[in-house]
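Asker: Just my_file-v3.txt, nothing more (compact mmCIF, N, CA and C atoms):
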# COMPACT_ATOMS: atom_id res chain seq x y z
N MET A 1 12.50 269.93 -101.11
CA MET A 1 11.27 270.23 -101.81
C MET A 1 11.24 269.45 -103.12
N PRO A 2 10.27 268.54 -103.28
CA PRO A 2 10.20 267.75 -104.50
C PRO A 2 9.76 268.60 -105.70
N ILE A 3 10.34 268.30 -106.84
CA ILE A 3 10.04 269.07 -108.05
C ILE A 3 8.71 268.64 -108.66
N PHE A 4 8.42 267.35 -108.63
CA PHE A 4 7.24 266.83 -109.31
C PHE A 4 6.07 266.61 -108.37
N GLN A 5 5.88 267.45 -107.41
CA GLN A 5 4.77 267.30 -106.46
C GLN A 5 3.50 267.91 -107.06
N LYS A 6 2.37 267.25 -106.83
CA LYS A 6 1.09 267.78 -107.30
C LYS A 6 0.71 268.97 -106.43
N LYS A 7 0.42 270.09 -107.08
CA LYS A 7 0.01 271.27 -106.33
C LYS A 7 -1.51 271.34 -106.21
N PHE A 8 -2.21 270.69 -107.14
CA PHE A 8 -3.67 270.74 -107.11
C PHE A 8 -4.20 269.32 -107.21
N ALA A 9 -4.95 268.88 -106.23
CA ALA A 9 -5.55 267.56 -106.22
C ALA A 9 -7.03 267.70 -105.87
N PRO A 10 -7.92 267.61 -106.87
CA PRO A 10 -9.35 267.77 -106.57
C PRO A 10 -9.86 266.57 -105.78
N LYS A 11 -10.93 266.82 -105.03
CA LYS A 11 -11.55 265.75 -104.26
C LYS A 11 -12.30 264.81 -105.20
N VAL A 12 -12.30 263.56 -104.86
CA VAL A 12 -13.02 262.58 -105.64
C VAL A 12 -14.51 262.65 -105.26
N ALA A 13 -15.36 262.70 -106.28
CA ALA A 13 -16.80 262.78 -106.04
C ALA A 13 -17.30 261.44 -105.52
N PRO A 14 -18.19 261.46 -104.52
CA PRO A 14 -18.72 260.19 -104.01
C PRO A 14 -19.61 259.53 -105.06
N PRO A 15 -19.64 258.21 -105.10
CA PRO A 15 -20.49 257.53 -106.10
C PRO A 15 -21.96 257.76 -105.80
N ARG A 16 -22.74 257.83 -106.86
CA ARG A 16 -24.18 258.04 -106.71
C ARG A 16 -24.84 256.71 -106.38
N THR A 17 -25.65 256.73 -105.38
CA THR A 17 -26.32 255.51 -104.98
C THR A 17 -27.79 255.51 -105.40
N GLN A 18 -28.34 256.66 -105.71
CA GLN A 18 -29.74 256.73 -106.08
C GLN A 18 -29.87 257.15 -107.54
N ARG A 19 -30.91 256.64 -108.18
CA ARG A 19 -31.20 257.07 -109.54
C ARG A 19 -31.94 258.39 -109.50
N LEU A 20 -31.74 259.18 -110.52
CA LEU A 20 -32.39 260.48 -110.56
C LEU A 20 -33.87 260.37 -110.93
N ASN A 21 -34.23 259.37 -111.69
CA ASN A 21 -35.62 259.25 -112.15
C ASN A 21 -36.30 258.05 -111.48
N ILE A 22 -36.30 258.04 -110.18
CA ILE A 22 -36.91 256.92 -109.45
C ILE A 22 -38.41 256.86 -109.70
N GLY A 23 -39.07 258.00 -109.76
CA GLY A 23 -40.52 258.02 -109.94
C GLY A 23 -40.97 257.71 -111.35
N CYS A 24 -40.07 257.77 -112.32
CA CYS A 24 -40.46 257.54 -113.72
C CYS A 24 -40.31 256.07 -114.07
N PRO A 25 -41.29 255.49 -114.75
CA PRO A 25 -41.16 254.09 -115.17
C PRO A 25 -40.19 254.00 -116.36
N PRO A 26 -39.57 252.86 -116.55
CA PRO A 26 -38.67 252.71 -117.70
C PRO A 26 -39.48 252.74 -118.99
N PRO A 27 -38.87 253.18 -120.09
CA PRO A 27 -39.64 253.26 -121.35
C PRO A 27 -40.06 251.87 -121.81
N ALA A 28 -41.33 251.76 -122.15
CA ALA A 28 -41.88 250.47 -122.58
C ALA A 28 -42.26 250.49 -124.05
N GLU A 29 -41.74 251.48 -124.82
CA GLU A 29 -42.09 251.58 -126.23
C GLU A 29 -41.31 250.56 -127.03
N ASP A 30 -41.91 250.10 -128.09
CA ASP A 30 -41.24 249.17 -128.99
C ASP A 30 -40.43 249.99 -130.00
N LEU A 31 -39.13 249.77 -130.02
CA LEU A 31 -38.26 250.57 -130.88
C LEU A 31 -38.36 250.19 -132.35
N ASP A 32 -38.99 249.06 -132.67
CA ASP A 32 -39.14 248.67 -134.07
C ASP A 32 -40.05 249.63 -134.83
N ASP A 33 -40.94 250.32 -134.10
CA ASP A 33 -41.82 251.28 -134.75
C ASP A 33 -41.04 252.47 -135.29
N PHE A 34 -39.87 252.75 -134.74
CA PHE A 34 -39.10 253.92 -135.14
C PHE A 34 -37.99 253.58 -136.14
N ARG A 35 -37.94 252.36 -136.62
CA ARG A 35 -36.88 251.98 -137.56
C ARG A 35 -37.12 252.57 -138.95
N THR A 36 -38.37 252.70 -139.33
CA THR A 36 -38.69 253.34 -140.61
C THR A 36 -39.33 254.68 -140.31
N ILE A 37 -38.74 255.72 -140.85
CA ILE A 37 -39.23 257.07 -140.65
C ILE A 37 -40.00 257.47 -141.90
N THR A 38 -41.20 257.98 -141.71
CA THR A 38 -41.99 258.41 -142.86
C THR A 38 -42.22 259.91 -142.76
N LEU A 39 -42.18 260.55 -143.93
CA LEU A 39 -42.42 261.98 -144.04
C LEU A 39 -43.60 262.16 -144.98
N ASN A 40 -44.69 262.69 -144.45
CA ASN A 40 -45.90 262.87 -145.24
C ASN A 40 -45.95 264.30 -145.77
N LEU A 41 -45.96 264.43 -147.10
CA LEU A 41 -46.11 265.72 -147.74
C LEU A 41 -47.51 265.79 -148.33
N VAL A 42 -47.80 266.80 -149.10
CA VAL A 42 -49.14 266.99 -149.62
C VAL A 42 -49.58 265.80 -150.48
N ASP A 43 -48.78 265.45 -151.47
CA ASP A 43 -49.17 264.38 -152.37
C ASP A 43 -48.16 263.24 -152.40
N LYS A 44 -47.19 263.25 -151.52
CA LYS A 44 -46.17 262.20 -151.49
C LYS A 44 -45.93 261.74 -150.07
N GLN A 45 -45.40 260.56 -149.96
CA GLN A 45 -44.96 260.03 -148.68
C GLN A 45 -43.56 259.46 -148.89
N LEU A 46 -42.59 259.96 -148.14
CA LEU A 46 -41.21 259.50 -148.24
C LEU A 46 -40.89 258.63 -147.04
N CYS A 47 -40.22 257.52 -147.29
CA CYS A 47 -39.83 256.60 -146.23
C CYS A 47 -38.31 256.50 -146.19
N PHE A 48 -37.73 256.59 -145.00
CA PHE A 48 -36.28 256.45 -144.83
C PHE A 48 -35.99 255.01 -144.46
N ILE A 49 -35.52 254.23 -145.44
CA ILE A 49 -35.28 252.80 -145.26
C ILE A 49 -33.85 252.51 -145.69
N ASP A 50 -33.10 251.88 -144.82
CA ASP A 50 -31.72 251.48 -145.09
C ASP A 50 -30.85 252.66 -145.52
N GLY A 51 -31.05 253.81 -144.91
CA GLY A 51 -30.20 254.96 -145.19
C GLY A 51 -30.55 255.72 -146.46
N VAL A 52 -31.70 255.43 -147.07
CA VAL A 52 -32.10 256.10 -148.30
C VAL A 52 -33.56 256.53 -148.19
N TRP A 53 -33.86 257.72 -148.67
CA TRP A 53 -35.24 258.17 -148.72
C TRP A 53 -35.89 257.59 -149.97
N LEU A 54 -36.96 256.84 -149.78
CA LEU A 54 -37.68 256.21 -150.89
C LEU A 54 -39.10 256.73 -150.93
N ASN A 55 -39.68 256.72 -152.14
CA ASN A 55 -41.07 257.13 -152.29
C ASN A 55 -41.97 256.10 -151.63
N GLY A 56 -42.90 256.58 -150.85
CA GLY A 56 -43.84 255.68 -150.21
C GLY A 56 -45.11 255.58 -151.02
N LEU A 57 -46.04 254.79 -150.53
CA LEU A 57 -47.32 254.63 -151.22
C LEU A 57 -48.31 255.61 -150.62
N ARG A 58 -48.66 256.61 -151.38
CA ARG A 58 -49.60 257.63 -150.91
C ARG A 58 -50.75 257.70 -151.88
N THR A 59 -51.94 257.41 -151.40
CA THR A 59 -53.11 257.47 -152.28
C THR A 59 -53.65 258.89 -152.30
N VAL A 60 -53.92 259.36 -153.49
CA VAL A 60 -54.46 260.70 -153.67
C VAL A 60 -55.98 260.60 -153.63
N PRO A 61 -56.65 261.45 -152.84
CA PRO A 61 -58.11 261.38 -152.80
C PRO A 61 -58.70 261.64 -154.18
N GLY A 62 -59.68 260.85 -154.55
CA GLY A 62 -60.29 260.95 -155.86
C GLY A 62 -60.11 259.66 -156.63
N GLY A 63 -59.09 258.89 -156.29
CA GLY A 63 -58.91 257.56 -156.84
C GLY A 63 -58.43 257.50 -158.27
N SER A 64 -58.04 258.62 -158.88
CA SER A 64 -57.63 258.55 -160.27
C SER A 64 -56.15 258.17 -160.36
N GLY A 65 -55.87 257.04 -160.99
CA GLY A 65 -54.50 256.63 -161.25
C GLY A 65 -53.75 256.11 -160.05
N THR A 66 -54.42 255.62 -159.03
CA THR A 66 -53.71 255.15 -157.85
C THR A 66 -52.96 253.86 -158.11
N ALA A 67 -53.55 252.95 -158.89
CA ALA A 67 -52.88 251.68 -159.16
C ALA A 67 -51.64 251.90 -160.01
N ALA A 68 -51.76 252.73 -161.05
CA ALA A 68 -50.60 253.00 -161.90
C ALA A 68 -49.56 253.80 -161.13
N GLY A 69 -50.00 254.72 -160.28
CA GLY A 69 -49.06 255.53 -159.50
C GLY A 69 -48.27 254.70 -158.51
N THR A 70 -48.94 253.77 -157.82
CA THR A 70 -48.23 252.93 -156.85
C THR A 70 -47.30 251.97 -157.55
N ALA A 71 -47.69 251.48 -158.73
CA ALA A 71 -46.80 250.58 -159.48
C ALA A 71 -45.56 251.33 -159.92
N GLY A 72 -45.72 252.58 -160.35
CA GLY A 72 -44.57 253.38 -160.76
C GLY A 72 -43.65 253.68 -159.60
N VAL A 73 -44.23 253.97 -158.44
CA VAL A 73 -43.44 254.24 -157.25
C VAL A 73 -42.68 252.99 -156.83
N ASN A 74 -43.35 251.83 -156.85
CA ASN A 74 -42.68 250.58 -156.48
C ASN A 74 -41.54 250.28 -157.44
N MET A 75 -41.76 250.52 -158.74
CA MET A 75 -40.71 250.27 -159.71
C MET A 75 -39.52 251.19 -159.47
N THR A 76 -39.79 252.45 -159.15
CA THR A 76 -38.72 253.40 -158.88
C THR A 76 -37.94 252.99 -157.64
N ASP A 77 -38.64 252.59 -156.59
CA ASP A 77 -37.97 252.17 -155.36
C ASP A 77 -37.15 250.91 -155.59
N ASP A 78 -37.71 249.96 -156.32
CA ASP A 78 -36.96 248.74 -156.64
C ASP A 78 -35.73 249.06 -157.48
N LEU A 79 -35.88 249.99 -158.41
CA LEU A 79 -34.76 250.38 -159.25
C LEU A 79 -33.66 251.01 -158.41
N LEU A 80 -34.03 251.89 -157.47
CA LEU A 80 -33.03 252.51 -156.59
C LEU A 80 -32.32 251.47 -155.73
N ARG A 81 -33.09 250.54 -155.19
CA ARG A 81 -32.47 249.48 -154.37
C ARG A 81 -31.53 248.62 -155.20
N MET A 82 -31.94 248.29 -156.41
CA MET A 82 -31.10 247.47 -157.27
C MET A 82 -29.82 248.21 -157.67
N LYS A 83 -29.93 249.51 -157.93
CA LYS A 83 -28.74 250.28 -158.27
C LYS A 83 -27.77 250.33 -157.10
N ARG A 84 -28.29 250.53 -155.89
CA ARG A 84 -27.42 250.53 -154.70
C ARG A 84 -26.76 249.18 -154.52
N ARG A 85 -27.52 248.11 -154.69
CA ARG A 85 -26.99 246.75 -154.55
C ARG A 85 -25.93 246.48 -155.61
N MET A 86 -26.20 246.93 -156.85
CA MET A 86 -25.25 246.72 -157.93
C MET A 86 -23.95 247.48 -157.67
N LYS A 87 -24.06 248.68 -157.13
CA LYS A 87 -22.86 249.47 -156.82
C LYS A 87 -22.02 248.78 -155.75
N THR A 88 -22.67 248.28 -154.70
CA THR A 88 -21.90 247.59 -153.64
C THR A 88 -21.29 246.30 -154.17
N LEU A 89 -22.00 245.59 -155.04
CA LEU A 89 -21.45 244.36 -155.61
C LEU A 89 -20.27 244.65 -156.53
N GLU A 90 -20.34 245.76 -157.29
CA GLU A 90 -19.21 246.14 -158.14
C GLU A 90 -17.98 246.49 -157.31
N GLN A 91 -18.20 247.21 -156.20
CA GLN A 91 -17.08 247.54 -155.32
C GLN A 91 -16.46 246.28 -154.72
N GLU A 92 -17.30 245.36 -154.30
CA GLU A 92 -16.81 244.10 -153.75
C GLU A 92 -16.05 243.31 -154.81
N ASN A 93 -16.57 243.30 -156.03
CA ASN A 93 -15.91 242.59 -157.13
C ASN A 93 -14.54 243.20 -157.42
N ASN A 94 -14.45 244.53 -157.43
CA ASN A 94 -13.17 245.19 -157.67
C ASN A 94 -12.16 244.84 -156.57
N MET A 95 -12.61 244.82 -155.32
CA MET A 95 -11.71 244.48 -154.22
C MET A 95 -11.22 243.04 -154.36
N LEU A 96 -12.10 242.15 -154.72
CA LEU A 96 -11.70 240.74 -154.89
C LEU A 96 -10.74 240.57 -156.06
N GLN A 97 -10.93 241.34 -157.13
CA GLN A 97 -10.00 241.27 -158.25
C GLN A 97 -8.61 241.76 -157.86
N VAL A 98 -8.55 242.81 -157.06
CA VAL A 98 -7.25 243.31 -156.57
C VAL A 98 -6.57 242.26 -155.70
N LYS A 99 -7.34 241.63 -154.82
CA LYS A 99 -6.77 240.58 -153.97
C LYS A 99 -6.27 239.41 -154.81
N LEU A 100 -7.03 239.06 -155.84
CA LEU A 100 -6.62 237.97 -156.71
C LEU A 100 -5.33 238.32 -157.45
N ASP A 101 -5.21 239.55 -157.93
CA ASP A 101 -3.98 239.99 -158.60
C ASP A 101 -2.77 239.91 -157.68
N VAL A 102 -2.96 240.31 -156.43
CA VAL A 102 -1.86 240.25 -155.46
C VAL A 102 -1.46 238.80 -155.22
N LEU A 103 -2.43 237.92 -155.06
CA LEU A 103 -2.12 236.50 -154.84
C LEU A 103 -1.42 235.88 -156.04
N VAL A 104 -1.82 236.23 -157.25
CA VAL A 104 -1.17 235.71 -158.44
C VAL A 104 0.27 236.20 -158.52
N ASP A 105 0.50 237.47 -158.18
CA ASP A 105 1.87 238.00 -158.15
C ASP A 105 2.73 237.27 -157.14
N LEU A 106 2.18 237.03 -155.96
CA LEU A 106 2.94 236.29 -154.93
C LEU A 106 3.25 234.87 -155.40
N LEU A 107 2.29 234.25 -156.04
CA LEU A 107 2.50 232.88 -156.53
C LEU A 107 3.59 232.85 -157.60
N THR A 108 3.58 233.79 -158.52
CA THR A 108 4.61 233.81 -159.56
C THR A 108 6.00 234.06 -158.96
N GLU A 109 6.08 234.93 -157.95
CA GLU A 109 7.37 235.15 -157.27
C GLU A 109 7.88 233.86 -156.64
N ASN A 110 7.00 233.17 -155.97
CA ASN A 110 7.41 231.92 -155.31
C ASN A 110 7.81 230.85 -156.32
N VAL A 111 7.11 230.77 -157.45
CA VAL A 111 7.46 229.79 -158.48
C VAL A 111 8.83 230.12 -159.07
N ILE A 112 9.09 231.40 -159.30
CA ILE A 112 10.39 231.81 -159.84
C ILE A 112 11.51 231.47 -158.86
N GLU A 113 11.29 231.75 -157.57
CA GLU A 113 12.30 231.44 -156.56
C GLU A 113 12.51 229.91 -156.48
N LEU A 114 11.45 229.15 -156.56
CA LEU A 114 11.57 227.71 -156.50
C LEU A 114 12.35 227.15 -157.70
N ASN A 115 12.11 227.69 -158.88
CA ASN A 115 12.85 227.28 -160.08
C ASN A 115 14.33 227.63 -159.95
N GLU A 116 14.63 228.78 -159.38
CA GLU A 116 16.03 229.17 -159.18
C GLU A 116 16.73 228.21 -158.23
N ILE A 117 16.02 227.82 -157.17
CA ILE A 117 16.61 226.90 -156.19
C ILE A 117 16.83 225.52 -156.82
N LYS A 118 15.89 225.09 -157.66
CA LYS A 118 16.05 223.77 -158.32
C LYS A 118 17.21 223.79 -159.30
N ASN A 119 17.44 224.89 -159.98
CA ASN A 119 18.52 224.98 -160.96
C ASN A 119 19.90 225.01 -160.30
N GLN A 120 19.97 225.43 -159.07
CA GLN A 120 21.28 225.48 -158.39
C GLN A 120 21.59 224.13 -157.91
Written as structure tokens, that's how I'd like the structure from this file.
Answerer:
Amino acid sequence: MPIFQKKFAPKVAPPRTQRLNIGCPPPAEDLDDFRTITLNLVDKQLCFIDGVWLNGLRTVPGGSGTAAGTAGVNMTDDLLRMKRRMKTLEQENNMLQVKLDVLVDLLTENVIELNEIKNQ
């Protein structure tokens, strides 16, 4: 009697040859329409762009202050984008400075070893 014999062996399921949704046509929607998500509130419109919710351009009925309001919203959105970009650039700069420090340390070690070999 073998010790390592399988006591339970389930049957292998036969492969499916038919699609379940044969009668349904494939989706023909353009997915670019869903890349920007907008949320319409009473007096604001928020847009989800590049992983951040930004103020959208929403005109208030009555027309008072729409040009100044949209300019302020655009400035705020631009400011948020610039802050995000500045943060990523600072992180990249810090990483490059660390890499540069490591390379300078390696170079000084090699120069010291080379000087020791020349002196012998």
Asker: Measure the distance from atom CA of A:Gln120 to atom CA of A:Thr108 in Å and round it to one decimal.
Answerer: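 Calculated distance between atom CA of A:Gln120 and atom CA of A:Thr108 is 18.7 Å.
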Asker: What is the distance, in Å and to one decimal place, between atom C of A:Leu39 and atom N of A:Lys87?
Answerer: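 That distance, rounded to one decimal, is 26.7 Å.
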Asker: Work out how far apart atom C of A:Leu41 and atom C of A:Trp53 are and give it in Å to one decimal.
Answerer: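 Separation of atom C of A:Leu41 and atom C of A:Trp53: 14.3 Å.
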